[in-house]
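Printed here is coords.cif (mmCIF, C-alpha atoms, pLDDT in the B column; chains and numbers go by the auth columns):
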data_model
loop_
_atom_site.group_PDB
_atom_site.id
_atom_site.type_symbol
_atom_site.label_atom_id
_atom_site.label_comp_id
_atom_site.label_asym_id
_atom_site.label_seq_id
_atom_site.Cartn_x
_atom_site.Cartn_y
_atom_site.Cartn_z
_atom_site.B_iso_or_equiv
_atom_site.auth_seq_id
_atom_site.auth_asym_id
ATOM 1 C CA PRO A 1 -5.318 -23.569 -5.097 80.00 406 A
ATOM 2 C CA PHE A 2 -2.499 -23.084 -7.625 82.00 407 A
ATOM 3 C CA LEU A 3 -0.580 -24.904 -10.276 86.00 408 A
ATOM 4 C CA PRO A 4 3.047 -25.364 -9.224 90.00 409 A
ATOM 5 C CA PHE A 5 5.471 -22.459 -9.207 91.00 410 A
ATOM 6 C CA HIS A 6 9.242 -22.514 -9.207 92.00 411 A
ATOM 7 C CA GLU A 7 9.407 -21.161 -5.675 93.00 412 A
ATOM 8 C CA ASP A 8 13.168 -20.571 -5.724 94.00 413 A
ATOM 9 C CA SER A 9 12.701 -18.002 -8.518 94.00 414 A
ATOM 10 C CA PHE A 10 10.895 -15.736 -6.047 94.00 415 A
ATOM 11 C CA ALA A 11 13.334 -16.178 -3.139 90.00 416 A
ATOM 12 C CA SER A 12 15.635 -13.243 -2.638 82.00 417 A
ATOM 13 C CA ASP A 13 17.275 -10.967 -0.172 84.00 418 A
ATOM 14 C CA VAL A 14 17.000 -7.917 -2.422 92.00 419 A
ATOM 15 C CA GLU A 15 15.941 -4.660 -0.846 95.00 420 A
ATOM 16 C CA LYS A 16 12.214 -3.965 -0.958 96.00 421 A
ATOM 17 C CA ASP A 17 12.508 -0.514 -2.528 97.00 422 A
ATOM 18 C CA ILE A 18 9.159 -0.371 -4.364 97.00 423 A
ATOM 19 C CA ASP A 19 6.161 0.484 -2.174 97.00 424 A
ATOM 20 C CA MET A 20 3.602 -1.080 -4.484 97.00 425 A
ATOM 21 C CA SER A 21 3.518 -2.665 -7.894 94.00 426 A
ATOM 22 C CA TYR A 22 0.901 -3.648 -10.374 91.00 427 A
ATOM 23 C CA ILE A 23 1.726 -5.292 -13.677 89.00 428 A
ATOM 24 C CA GLY A 24 -1.178 -6.478 -15.789 85.00 429 A
ATOM 25 C CA SER A 25 -4.317 -5.456 -17.621 81.00 430 A
ATOM 26 C CA ARG A 26 -6.487 -2.404 -16.920 78.00 431 A
ATOM 27 C CA THR A 27 -9.592 -4.548 -16.470 77.00 432 A
ATOM 28 C CA ARG A 28 -11.553 -4.952 -13.214 77.00 433 A
ATOM 29 C CA ASP A 29 -11.161 -1.288 -12.158 83.00 434 A
ATOM 30 C CA ARG A 30 -7.432 -1.755 -11.600 88.00 435 A
ATOM 31 C CA LYS A 31 -6.635 1.689 -12.999 92.00 436 A
ATOM 32 C CA LEU A 32 -8.972 3.231 -10.416 94.00 437 A
ATOM 33 C CA PHE A 33 -7.135 1.457 -7.584 94.00 438 A
ATOM 34 C CA MET A 34 -3.685 2.394 -8.899 94.00 439 A
ATOM 35 C CA ASP A 35 -4.653 6.027 -9.549 95.00 440 A
ATOM 36 C CA SER A 36 -5.964 6.212 -5.975 96.00 441 A
ATOM 37 C CA ALA A 37 -2.709 4.794 -4.614 96.00 442 A
ATOM 38 C CA LEU A 38 -0.689 7.332 -6.599 96.00 443 A
ATOM 39 C CA ASN A 39 -2.971 10.163 -5.435 96.00 444 A
ATOM 40 C CA GLY A 40 -2.495 8.880 -1.865 96.00 445 A
ATOM 41 C CA GLY A 41 1.249 9.466 -2.127 96.00 446 A
ATOM 42 C CA ILE A 42 2.194 5.812 -2.574 97.00 447 A
ATOM 43 C CA ASP A 43 5.155 5.078 -4.846 95.00 448 A
ATOM 44 C CA VAL A 44 3.767 2.647 -7.440 96.00 449 A
ATOM 45 C CA PHE A 45 5.590 0.708 -10.129 94.00 450 A
ATOM 46 C CA LEU A 46 2.819 0.468 -12.691 92.00 451 A
ATOM 47 C CA ARG A 47 2.794 -1.332 -16.024 89.00 452 A
ATOM 48 C CA PHE A 48 -0.542 -1.792 -17.726 85.00 453 A
ATOM 49 C CA HIS A 49 -0.520 -4.068 -20.722 81.00 454 A
ATOM 50 C CA ASP A 50 -2.853 -6.085 -22.882 69.00 455 A
ATOM 51 C CA ARG A 51 -0.776 -9.264 -22.561 66.00 456 A
ATOM 52 C CA SER A 52 1.181 -8.431 -25.677 65.00 457 A
ATOM 53 C CA SER A 53 4.925 -8.896 -25.504 63.00 458 A
ATOM 54 C CA ASN A 54 5.716 -5.346 -26.599 70.00 459 A
ATOM 55 C CA LEU A 55 3.929 -3.853 -23.559 70.00 460 A
ATOM 56 C CA GLY A 56 4.577 -6.517 -20.931 77.00 461 A
ATOM 57 C CA LEU A 57 7.699 -7.478 -19.052 86.00 462 A
ATOM 58 C CA SER A 58 9.651 -10.669 -19.499 88.00 463 A
ATOM 59 C CA LEU A 59 9.105 -13.261 -16.778 89.00 464 A
ATOM 60 C CA ASP A 60 12.535 -12.492 -15.295 93.00 465 A
ATOM 61 C CA GLU A 61 11.805 -8.741 -15.275 93.00 466 A
ATOM 62 C CA TYR A 62 8.398 -9.358 -13.677 92.00 467 A
ATOM 63 C CA ILE A 63 9.900 -11.548 -10.950 95.00 468 A
ATOM 64 C CA GLU A 64 12.619 -8.985 -10.210 96.00 469 A
ATOM 65 C CA ILE A 65 10.000 -6.251 -9.761 96.00 470 A
ATOM 66 C CA ILE A 66 7.725 -8.301 -7.519 96.00 471 A
ATOM 67 C CA LYS A 67 10.679 -9.374 -5.342 97.00 472 A
ATOM 68 C CA ARG A 68 11.455 -5.678 -4.741 97.00 473 A
ATOM 69 C CA THR A 69 7.814 -4.817 -3.981 97.00 474 A
ATOM 70 C CA LYS A 70 6.342 -4.314 -0.514 98.00 475 A
ATOM 71 C CA ILE A 71 2.633 -4.434 -1.475 98.00 476 A
ATOM 72 C CA THR A 72 0.823 -5.952 -4.433 96.00 477 A
ATOM 73 C CA PHE A 73 -2.796 -5.560 -5.459 93.00 478 A
ATOM 74 C CA ASN A 74 -4.960 -8.299 -6.866 90.00 479 A
ATOM 75 C CA ASN A 75 -8.554 -8.757 -7.854 85.00 480 A
ATOM 76 C CA GLY A 76 -9.888 -11.830 -9.528 69.00 481 A
ATOM 77 C CA TRP A 77 -13.552 -11.216 -10.134 64.00 482 A
ATOM 78 C CA VAL A 78 -14.577 -11.840 -13.694 64.00 483 A
ATOM 79 C CA GLY A 79 -18.218 -10.777 -13.560 65.00 484 A
ATOM 80 C CA ALA A 80 -21.583 -12.118 -12.439 66.00 485 A
ATOM 81 C CA GLY A 81 -20.186 -12.930 -8.998 66.00 486 A
ATOM 82 C CA GLU A 82 -17.463 -15.193 -10.405 71.00 487 A
ATOM 83 C CA ASP A 83 -13.987 -14.966 -8.958 74.00 488 A
ATOM 84 C CA VAL A 84 -10.721 -16.695 -9.837 77.00 489 A
ATOM 85 C CA MET A 85 -7.461 -17.136 -7.970 83.00 490 A
ATOM 86 C CA THR A 86 -4.801 -15.482 -10.097 84.00 491 A
ATOM 87 C CA GLY A 87 -1.155 -16.464 -10.081 88.00 492 A
ATOM 88 C CA ARG A 88 -0.376 -13.031 -8.659 90.00 493 A
ATOM 89 C CA ILE A 89 -1.539 -14.312 -5.263 93.00 494 A
ATOM 90 C CA ALA A 90 1.100 -17.055 -5.120 94.00 495 A
ATOM 91 C CA GLU A 91 3.744 -14.819 -6.693 95.00 496 A
ATOM 92 C CA SER A 92 3.140 -12.155 -4.051 96.00 497 A
ATOM 93 C CA ILE A 93 3.272 -14.652 -1.211 96.00 498 A
ATOM 94 C CA LEU A 94 6.433 -16.333 -2.511 96.00 499 A
ATOM 95 C CA SER A 95 8.071 -12.896 -2.854 96.00 500 A
ATOM 96 C CA ASN A 96 7.273 -11.926 0.746 96.00 501 A
ATOM 97 C CA THR A 97 5.047 -9.172 -0.555 97.00 502 A
ATOM 98 C CA LEU A 98 1.928 -8.056 1.298 98.00 503 A
ATOM 99 C CA LEU A 99 -1.128 -8.940 -0.748 97.00 504 A
ATOM 100 C CA MET A 100 -4.076 -6.562 -0.947 96.00 505 A
ATOM 101 C CA ASN A 101 -6.939 -8.495 -2.496 94.00 506 A
ATOM 102 C CA GLU A 102 -10.217 -6.922 -3.526 91.00 507 A
ATOM 103 C CA HIS A 103 -12.997 -8.434 -1.432 86.00 508 A
ATOM 104 C CA ASN A 104 -15.826 -10.190 -3.190 78.00 509 A
ATOM 105 C CA LYS A 105 -18.388 -12.343 -1.394 75.00 510 A
ATOM 106 C CA ASN A 106 -17.511 -15.157 -3.820 77.00 511 A
ATOM 107 C CA SER A 107 -13.741 -14.724 -3.551 81.00 512 A
ATOM 108 C CA ALA A 108 -12.049 -18.080 -3.910 84.00 513 A
ATOM 109 C CA ILE A 109 -9.168 -16.877 -1.743 90.00 514 A
ATOM 110 C CA PHE A 110 -11.402 -17.354 1.344 86.00 515 A
ATOM 111 C CA ASN A 111 -11.166 -21.112 0.864 90.00 516 A
ATOM 112 C CA TYR A 112 -7.390 -21.142 1.254 94.00 517 A
ATOM 113 C CA PHE A 113 -6.248 -18.110 3.249 95.00 518 A
ATOM 114 C CA THR A 114 -7.468 -16.113 6.231 95.00 519 A
ATOM 115 C CA PRO A 115 -8.290 -12.414 5.726 94.00 520 A
ATOM 116 C CA PHE A 116 -6.095 -10.020 7.748 96.00 521 A
ATOM 117 C CA VAL A 117 -3.808 -12.937 8.612 97.00 522 A
ATOM 118 C CA HIS A 118 -2.539 -14.032 5.191 97.00 523 A
ATOM 119 C CA TYR A 119 -3.715 -11.123 3.048 96.00 524 A
ATOM 120 C CA ILE A 120 -5.522 -7.808 3.421 97.00 525 A
ATOM 121 C CA PRO A 121 -9.040 -7.713 1.943 95.00 526 A
ATOM 122 C CA VAL A 122 -10.223 -4.385 0.560 95.00 527 A
ATOM 123 C CA THR A 123 -13.734 -3.507 -0.555 91.00 528 A
ATOM 124 C CA ASN A 124 -13.096 -0.055 -2.015 94.00 529 A
ATOM 125 C CA VAL A 125 -10.305 2.313 -3.018 95.00 530 A
ATOM 126 C CA HIS A 126 -10.497 4.250 0.267 97.00 531 A
ATOM 127 C CA GLN A 127 -9.745 1.107 2.292 97.00 532 A
ATOM 128 C CA PHE A 128 -7.074 0.137 -0.203 97.00 533 A
ATOM 129 C CA VAL A 129 -5.214 3.435 0.155 98.00 534 A
ATOM 130 C CA CYS A 130 -5.654 3.657 3.949 98.00 535 A
ATOM 131 C CA TYR A 131 -4.481 0.074 4.547 98.00 536 A
ATOM 132 C CA SER A 132 -1.553 0.549 2.163 98.00 537 A
ATOM 133 C CA GLN A 133 -0.475 3.745 3.926 98.00 538 A
ATOM 134 C CA PHE A 134 -0.800 2.047 7.325 98.00 539 A
ATOM 135 C CA PHE A 135 1.354 -0.928 6.388 98.00 540 A
ATOM 136 C CA LEU A 136 3.977 1.216 4.660 98.00 541 A
ATOM 137 C CA GLU A 137 4.278 3.146 7.936 98.00 542 A
ATOM 138 C CA ASN A 138 4.378 -0.123 9.930 98.00 543 A
ATOM 139 C CA GLU A 139 6.807 -2.209 7.916 96.00 544 A
ATOM 140 C CA GLU A 140 7.683 -4.575 10.779 97.00 545 A
ATOM 141 C CA LEU A 141 4.044 -5.659 11.033 97.00 546 A
ATOM 142 C CA MET A 142 3.878 -6.011 7.253 97.00 547 A
ATOM 143 C CA GLU A 143 7.013 -8.179 7.267 96.00 548 A
ATOM 144 C CA ASP A 144 5.597 -10.367 10.065 97.00 549 A
ATOM 145 C CA ILE A 145 2.469 -11.000 7.982 97.00 550 A
ATOM 146 C CA THR A 146 4.387 -11.769 4.795 97.00 551 A
ATOM 147 C CA ARG A 147 6.798 -14.160 6.530 96.00 552 A
ATOM 148 C CA SER A 148 4.037 -16.112 8.273 96.00 553 A
ATOM 149 C CA THR A 149 1.942 -16.197 5.083 97.00 554 A
ATOM 150 C CA LYS A 150 4.827 -17.618 3.081 96.00 555 A
ATOM 151 C CA ALA A 151 5.452 -20.260 5.746 96.00 556 A
ATOM 152 C CA PHE A 152 1.749 -21.188 5.650 97.00 557 A
ATOM 153 C CA TYR A 153 1.810 -21.364 1.845 96.00 558 A
ATOM 154 C CA ILE A 154 4.896 -23.609 1.766 95.00 559 A
ATOM 155 C CA ASP A 155 3.435 -25.832 4.487 95.00 560 A
ATOM 156 C CA HIS A 156 0.054 -26.249 2.755 94.00 561 A
ATOM 157 C CA TYR A 157 0.325 -25.438 -0.965 94.00 562 A
ATOM 158 C CA SER A 158 3.939 -25.777 -2.088 94.00 563 A
ATOM 159 C CA SER A 159 4.766 -27.106 -5.520 93.00 564 A
ATOM 160 C CA GLU A 160 6.274 -30.179 -3.904 93.00 565 A
ATOM 161 C CA LYS A 161 2.949 -30.906 -2.176 93.00 566 A
ATOM 162 C CA PHE A 162 1.151 -30.378 -5.498 92.00 567 A
ATOM 163 C CA TRP A 163 3.295 -32.990 -7.260 93.00 568 A
ATOM 164 C CA ILE A 164 3.067 -35.459 -4.378 93.00 569 A
ATOM 165 C CA LYS A 165 -0.747 -35.225 -4.387 91.00 570 A
ATOM 166 C CA LEU A 166 -0.895 -35.568 -8.149 92.00 571 A
ATOM 167 C CA ILE A 167 1.324 -38.656 -8.110 93.00 572 A
ATOM 168 C CA GLU A 168 -0.789 -40.152 -5.284 93.00 573 A
ATOM 169 C CA LYS A 169 -3.987 -39.628 -7.289 90.00 574 A
ATOM 170 C CA VAL A 170 -2.515 -41.043 -10.479 92.00 575 A
ATOM 171 C CA SER A 171 -1.069 -44.025 -8.579 90.00 576 A
ATOM 172 C CA VAL A 172 -4.423 -44.809 -6.944 78.00 577 A
ATOM 173 C CA GLU A 173 -6.243 -44.658 -10.275 68.00 578 A
ATOM 174 C CA ASN A 174 -3.799 -47.058 -11.914 64.00 579 A
#
Rendering of file as structure tokens:
Amino acid sequence: PFLPFHEDSFASDVEKDIDMSYIGSRTRDRKLFMDSALNGGIDVFLRFHDRSSNLGLSLDEYIEIIKRTKITFNNGWVGAGEDVMTGRIAESILSNTLLMNEHNKNSAIFNYFTPFVHYIPVTNVHQFVCYSQFFLENEELMEDITRSTKAFYIDHYSSEKFWIKLIEKVSVEN
């Protein structure tokens, strides 16, 4: 489901001292979700930007934040029922961060991961805040989910597997 990532960049034993983070654009009602989290008493590292370098973080800064984060939020719908898998999904998984993904009946994530096993689907801000509060109060359960999700990802979708499959396809065609 993803292009390859440098998985080792996301590996770390740093303390998870940020409850939730979101770094990206304001589109797709993301401000509504983050405002609701803040109003729900959740400590959020928030950086909205328009993909310009003066507002965004460097890649190293971004990776350091996500490695320290317990929960990340993602939504990939782009309109008219279309949904994309963003890199934030893989980055969250590789960082052992619990992924909250906005539910959409056309969500591509369903083809690769199991809801409530590998990520937490949310359909509205109320669910988002309630689930976030629950998992922040039950960190052992959250850690169990993130560990097993990362193991599943590495077993099925690692960068090494990506390159092996690509080489196999190119070799067969030649």
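For the pair atom CA of A:Asn506 and atom CA of A:Tyr524, the separation is 6.9 Å.
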For a quick check of understanding, using only C-alpha atoms, which of A:Ser497, A:Thr491, A:Asn459, A:Asn543 has the smallest distance to A:Pro406?
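Closest candidate: A:Thr491.
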Report as a compact mmCIF listing (two decimals) with C-alpha atoms, in the frame of the given file the full result of the PyMOL selection byres ((chain A and resi 421) around 9) when it is applied to this structure.
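Heads up, here's the output in expr-v7.txt:
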# COMPACT_ATOMS: atom_id res chain seq x y z
CA ASP A 418 17.27 -10.97 -0.17
CA VAL A 419 17.00 -7.92 -2.42
CA GLU A 420 15.94 -4.66 -0.85
CA ASP A 422 12.51 -0.51 -2.53
CA ILE A 423 9.16 -0.37 -4.36
CA ASP A 424 6.16 0.48 -2.17
CA LYS A 472 10.68 -9.37 -5.34
CA ARG A 473 11.46 -5.68 -4.74
CA THR A 474 7.81 -4.82 -3.98
CA LYS A 475 6.34 -4.31 -0.51
CA THR A 502 5.05 -9.17 -0.56
Grab the atom CA of A:His531 to atom CA of A:Asp448 distance for me, in Å with one decimal place.
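We find that atom CA of A:His531 and atom CA of A:Asp448 lie 16.5 Å from each other.
Closest approach to A:Ser417 among A:Val530, A:Leu443, A:Leu541, A:Ile468 is made by A:Ile468 (distances from all atoms listed in the file).
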Selected residue of minimal separation from A:Ile514 among A:Ala495, A:Met439, A:Arg452, A:Ile470, counting all atoms listed in the file:
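Closest to A:Ile514 of all the choices is A:Ala495.
Counting only C-alpha atoms and comparing A:Leu451, A:Ile494, A:Ala442, A:Leu437, the residue that lies closest to A:Lys555 is A:Ile494.
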Please provide the set of residues having any atom within 12 Å of A:Ser441, restricted to all atoms listed in the file, with same-chain residues fewer than 4 positions apart removed, written as a compact mmCIF listing (two decimals) with C-alpha atoms, in the frame of the given file.
# COMPACT_ATOMS: atom_id res chain seq x y z
CA ASP A 434 -11.16 -1.29 -12.16
CA ARG A 435 -7.43 -1.76 -11.60
CA LYS A 436 -6.64 1.69 -13.00
CA LEU A 437 -8.97 3.23 -10.42
CA GLY A 445 -2.50 8.88 -1.86
CA GLY A 446 1.25 9.47 -2.13
CA ILE A 447 2.19 5.81 -2.57
CA ASP A 448 5.16 5.08 -4.85
CA VAL A 449 3.77 2.65 -7.44
CA ASN A 529 -13.10 -0.06 -2.02
CA VAL A 530 -10.30 2.31 -3.02
CA HIS A 531 -10.50 4.25 0.27
CA GLN A 532 -9.74 1.11 2.29
CA PHE A 533 -7.07 0.14 -0.20
CA VAL A 534 -5.21 3.44 0.16
CA CYS A 535 -5.65 3.66 3.95
CA SER A 537 -1.55 0.55 2.16
CA GLN A 538 -0.48 3.74 3.93
Run the PyMOL selection byres ((chain A and resi 407) around 9) against the file shown and list the residues it catches, as a list of chain:residue names.
A:Pro406, A:Leu408, A:Pro409, A:Phe410, A:Met490, A:Thr491, A:Gly492, A:Ala495, A:Tyr562, A:Ser563, A:Ser564, A:Phe567
Edge lengths and centre in Å, axis-aligned, stretch 561-567 of chain A plus 4 Å each side, as AutoDock Vina command-line options:
--center_x 3.2 --center_y -28.2 --center_z -1.4 --size_x 14.2 --size_y 13.5 --size_z 16.3
Out of A:Lys570, A:His523, A:Arg433, A:His411, which residue has the shortest atom-to-atom distance to A:Glu496 when counting all atoms listed in the file?
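Once distances to A:Glu496 are computed over all atoms listed in the file, the minimum belongs to A:His411.
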With distances taken over all atoms listed in the file, which residue among A:Tyr536, A:Phe478, A:Trp568, A:Tyr517 lies nearest A:Met505?
A:Phe478
Could you give me, as a list of chain:residue names, the residues that sit within 8 Å of (-15.8, -10.0, -0.4) in the file's coordinates, counting only C-alpha atoms?
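Residues with an atom at most 8 Å from (-15.8, -10.0, -0.4): A:Glu507, A:His508, A:Asn509, A:Lys510, A:Asn511, A:Ser512, A:Pro526, A:Val527, A:Thr528.
We find atom CA of A:Phe453 and atom CA of A:Phe438 to be spaced 12.5 Å apart.
Near A:Asp549, within 10 Å and counting only C-alpha atoms, sit Asn501, Leu503, Val522, Glu544, Glu545, Leu546, Arg552, Ser553 and Thr554 of chain A, not including residues fewer than 3 positions from it in the same chain.
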Only C-alpha atoms needed: put stretch 418-507 of chain A from the block into a file as a CSV table (one decimal), in the first residue's frame.
chain,number,residue,atom,x,y,z
A,418,ASP,CA,13.2,4.1,22.4
A,419,VAL,CA,12.4,7.8,23.1
A,420,GLU,CA,9.8,8.5,25.7
A,421,LYS,CA,6.3,8.9,24.3
A,422,ASP,CA,5.6,12.3,25.9
A,423,ILE,CA,3.2,13.8,23.4
A,424,ASP,CA,-0.4,12.5,23.7
A,425,MET,CA,-1.4,13.4,20.1
A,426,SER,CA,0.2,15.1,17.2
A,427,TYR,CA,-1.0,16.4,13.9
A,428,ILE,CA,1.4,18.1,11.4
A,429,GLY,CA,-0.1,19.0,8.0
A,430,SER,CA,-2.7,21.0,6.2
A,431,ARG,CA,-6.0,22.3,7.6
A,432,THR,CA,-8.0,20.6,4.8
A,433,ARG,CA,-10.5,17.7,5.3
A,434,ASP,CA,-11.9,19.1,8.6
A,435,ARG,CA,-8.6,18.4,10.4
A,436,LYS,CA,-8.9,21.7,12.4
A,437,LEU,CA,-12.3,20.5,13.7
A,438,PHE,CA,-10.8,17.2,14.9
A,439,MET,CA,-7.8,18.9,16.5
A,440,ASP,CA,-9.9,21.6,18.2
A,441,SER,CA,-12.1,18.9,19.6
A,442,ALA,CA,-9.1,17.0,21.0
A,443,LEU,CA,-7.8,20.1,22.6
A,444,ASN,CA,-11.3,20.9,24.1
A,445,GLY,CA,-11.4,17.3,25.4
A,446,GLY,CA,-8.3,17.9,27.5
A,447,ILE,CA,-5.9,16.0,25.2
A,448,ASP,CA,-2.3,17.4,24.9
A,449,VAL,CA,-1.8,18.0,21.2
A,450,PHE,CA,1.3,19.0,19.3
A,451,LEU,CA,-0.3,20.8,16.4
A,452,ARG,CA,1.4,22.3,13.4
A,453,PHE,CA,-0.8,23.4,10.5
A,454,HIS,CA,1.0,24.3,7.3
A,455,ASP,CA,0.4,24.8,3.6
A,456,ARG,CA,3.4,22.6,2.7
A,457,SER,CA,5.6,25.6,2.5
A,458,SER,CA,9.0,25.3,4.1
A,459,ASN,CA,8.6,28.3,6.4
A,460,LEU,CA,5.6,26.8,8.1
A,461,GLY,CA,6.4,23.1,8.0
A,462,LEU,CA,9.0,21.1,9.9
A,463,SER,CA,12.1,19.5,8.5
A,464,LEU,CA,11.9,15.7,7.9
A,465,ASP,CA,14.1,15.1,10.9
A,466,GLU,CA,12.0,17.4,13.1
A,467,TYR,CA,8.8,15.7,11.9
A,468,ILE,CA,10.2,12.2,12.6
A,469,GLU,CA,11.3,13.2,16.1
A,470,ILE,CA,7.8,14.5,16.9
A,471,ILE,CA,6.0,11.4,15.6
A,472,LYS,CA,8.4,9.1,17.5
A,473,ARG,CA,7.4,10.9,20.7
A,474,THR,CA,3.7,10.8,19.9
A,475,LYS,CA,1.2,8.3,21.4
A,476,ILE,CA,-1.7,8.9,19.0
A,477,THR,CA,-1.8,10.3,15.4
A,478,PHE,CA,-4.9,11.3,13.4
A,479,ASN,CA,-5.2,10.7,9.7
A,480,ASN,CA,-7.9,11.2,7.1
A,481,GLY,CA,-7.4,10.6,3.4
A,482,TRP,CA,-10.6,11.4,1.7
A,483,VAL,CA,-10.2,13.8,-1.1
A,484,GLY,CA,-13.8,14.3,-2.1
A,485,ALA,CA,-16.6,12.6,-4.1
A,486,GLY,CA,-16.0,9.4,-2.1
A,487,GLU,CA,-12.4,9.1,-3.1
A,488,ASP,CA,-9.8,8.2,-0.4
A,489,VAL,CA,-6.1,7.9,-0.5
A,490,MET,CA,-3.6,6.2,1.8
A,491,THR,CA,-1.3,8.9,3.1
A,492,GLY,CA,2.3,8.3,4.2
A,493,ARG,CA,1.2,9.3,7.7
A,494,ILE,CA,-0.3,5.8,8.1
A,495,ALA,CA,3.0,4.1,7.6
A,496,GLU,CA,4.9,6.7,9.6
A,497,SER,CA,2.5,6.3,12.5
A,498,ILE,CA,2.8,2.5,12.4
A,499,LEU,CA,6.6,2.5,12.1
A,500,SER,CA,6.8,4.9,15.1
A,501,ASN,CA,4.6,2.7,17.3
A,502,THR,CA,2.0,5.3,17.4
A,503,LEU,CA,-1.7,4.5,17.6
A,504,LEU,CA,-3.4,5.5,14.4
A,505,MET,CA,-6.9,7.1,14.5
A,506,ASN,CA,-8.2,7.1,10.9
A,507,GLU,CA,-11.3,8.9,9.8
